[in-house]
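Data first, discussion second: the structure below is written as structure tokens.
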Amino acid sequence: MIADIDRVAEWMKPLSRLRIPILWRPLHEAQGNWKENSDGAEWRKAWFWWGIDGPEACVEIWKVMYDRMVNYHGLTNLIWVYNSGDSLLWYPGDKYVDVVGYDFYNSSMEDMEYWYYFMKEHFPGKLLAICECGSIPLLSEQWEKGLHWNYFMPWWDNARTDNVNSSEFDSKEHRNADIDFWNDAWNCDFMLSRDQMPSFRD
């Protein structure tokens, strides 16, 4: 594990020297379907290896990674993104996290509101993000409801986007972020594109 962390850290060092920030979201969706006081049913398990041994082990992995990347390798350009679930036992702690987010797929406005205010309550002072999303309500509608996310990342339709020469590549009917979603997003005056962001290298 340390060798893997070191390998990734070496890839990041040139970006760190150039002061290019990285949204670093390790160990994503660690909780999976795990529930506190679970009856032990197989479906109530974490689905990735980093969560399979439960929250204490996962938090320890996170802290080892943080220490190795920040204190040993000196990476100062990492923005640490924690992928929340409904249990606070998985949270590494404020010292180790900059952004808290959730993954939304086929979510209603009620779902979005629940998770936004859950995170706002339990992780005060942290930036809040839509770490991954499939079909979700329009961002303009969420903003009107007071859901002021700091960033979002739609999950792409791989079959349509892996070949830029295919007719499907130009389709406006993407499952996770269709043309209506993007038109709405870019018509919002609160939306910033990368070219509008301040330079971190000045």
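Ordered as shown in the structure tokens, chains take letters A, B, and onward, while each chain numbers its residues from 1 and ligands are numbered from 1 in the order shown.
Near stretch 139-155 of chain A, within 7 Å and counting only C-alpha atoms, sit A:Glu113, A:Tyr116, A:Leu127, A:Leu128, A:Ala129, A:Ile130, A:Cys131, A:Glu132, A:Cys133, A:Gly134, A:Pro137, A:Asp157, A:Asn176, A:Ala177, A:Asp184, A:Ala185, A:Cys188; same-chain residues fewer than 2 positions away were not included.
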Residues at most 7 Å from A:Trp34, counting only C-alpha atoms, excluding those fewer than 3 positions away in the same chain, as number ranges by chain? A: 31, 44-46
Taking the DSSP secondary structure from the backbone, can you list the residues of stretch 15-147 of chain A that are helix (DSSP H, G or I), as a count of residues only? 50
As a PyMOL selection string, please: all residues of chain A that backbone DSSP puts in strand (DSSP E). chain A and resi 22-24+78-83+99-104+127-133+151-154
What lies within 10 Å of stretch 20-23 of chain A using only C-alpha atoms, ignoring chain neighbours under 5 positions off, as a PyMOL selection string? chain A and resi 12-15+75-81+98-99+199-201
Can I get the selected residues back with N, CA and C atoms, as a short mmCIF file (atom, residue, chain, number, x, y, z; two decimals), in the first residue's frame?
data_model
loop_
_atom_site.label_atom_id
_atom_site.label_comp_id
_atom_site.auth_asym_id
_atom_site.auth_seq_id
_atom_site.Cartn_x
_atom_site.Cartn_y
_atom_site.Cartn_z
N MET A 12 2.17 13.21 -8.69
CA MET A 12 1.58 14.49 -8.30
C MET A 12 2.61 15.59 -8.09
N LYS A 13 3.85 15.23 -7.84
CA LYS A 13 4.86 16.23 -7.47
C LYS A 13 5.07 17.32 -8.53
N PRO A 14 5.11 16.99 -9.82
CA PRO A 14 5.26 18.08 -10.80
C PRO A 14 4.12 19.10 -10.72
N LEU A 15 2.89 18.62 -10.45
CA LEU A 15 1.76 19.54 -10.31
C LEU A 15 1.90 20.37 -9.04
N LEU A 75 3.37 17.12 -0.31
CA LEU A 75 2.38 17.59 -1.29
C LEU A 75 1.46 18.60 -0.62
N THR A 76 1.53 19.84 -1.08
CA THR A 76 0.73 20.90 -0.49
C THR A 76 -0.42 21.33 -1.40
N ASN A 77 -0.59 20.65 -2.53
CA ASN A 77 -1.61 21.06 -3.51
C ASN A 77 -2.84 20.18 -3.50
N LEU A 78 -2.93 19.27 -2.53
CA LEU A 78 -4.06 18.35 -2.49
C LEU A 78 -5.23 18.95 -1.71
N ILE A 79 -6.41 18.92 -2.33
CA ILE A 79 -7.65 19.29 -1.66
C ILE A 79 -8.35 17.98 -1.35
N TRP A 80 -8.40 17.61 -0.08
CA TRP A 80 -8.87 16.30 0.34
C TRP A 80 -10.40 16.26 0.38
N VAL A 81 -10.97 15.37 -0.46
CA VAL A 81 -12.42 15.27 -0.61
C VAL A 81 -12.90 13.97 0.01
N ASP A 98 -10.97 18.51 3.52
CA ASP A 98 -11.28 19.88 3.12
C ASP A 98 -12.70 20.01 2.56
N VAL A 99 -13.14 18.99 1.83
CA VAL A 99 -14.43 19.01 1.15
C VAL A 99 -15.19 17.74 1.52
N SER A 199 -6.07 32.43 -10.65
CA SER A 199 -4.85 31.64 -10.83
C SER A 199 -4.22 31.38 -9.46
N PHE A 200 -3.81 30.15 -9.23
CA PHE A 200 -3.15 29.81 -7.98
C PHE A 200 -1.64 29.96 -8.10
N ARG A 201 -1.16 30.34 -9.30
CA ARG A 201 0.27 30.42 -9.52
C ARG A 201 0.78 31.85 -9.56
#
Skipping near chain neighbours, those fewer than 5 positions away, what residues fall within 12 Å of stretch 67-69 of chain A using only C-alpha atoms, listed as a ChimeraX atom specification? /A:1-13,16,24,26,60-62,74-80,95-96
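Distance annotation: of A:Trp115, A:Phe123, A:Phe169, A:Tyr105, the residue with the minimal separation from A:Ser135 is A:Tyr105; atom set is only C-alpha atoms.
In terms of minimum interatomic distance to A:His28, A:Cys58 ranks closest within A:Ala159, A:Ile179, A:Cys58, A:Met109, counting only C-alpha atoms.
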Could you state the separation of atom CA of A:Ser171 and atom CA of A:Met191 in Å, given to one decimal place? 23.6 Å
Excluding A:Gly85 and its own-chain neighbours fewer than 6 positions away, which residues fall within 12 Å of it when counting only C-alpha atoms? Please give them as a ChimeraX atom specification. /A:28-36,46,51,55,91,100-104,114-116,118-119,122
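Of the listed residues A:His73, A:Lys120, A:Lys63, A:Lys172, the one whose atoms come nearest to A:Pro92 is A:Lys63, with distances taken using only C-alpha atoms.
Checking A:Phe190, A:Tyr72, A:Tyr66, A:Trp47 one by one against A:Arg25, counting only C-alpha atoms, you find the shortest gap at A:Tyr66.
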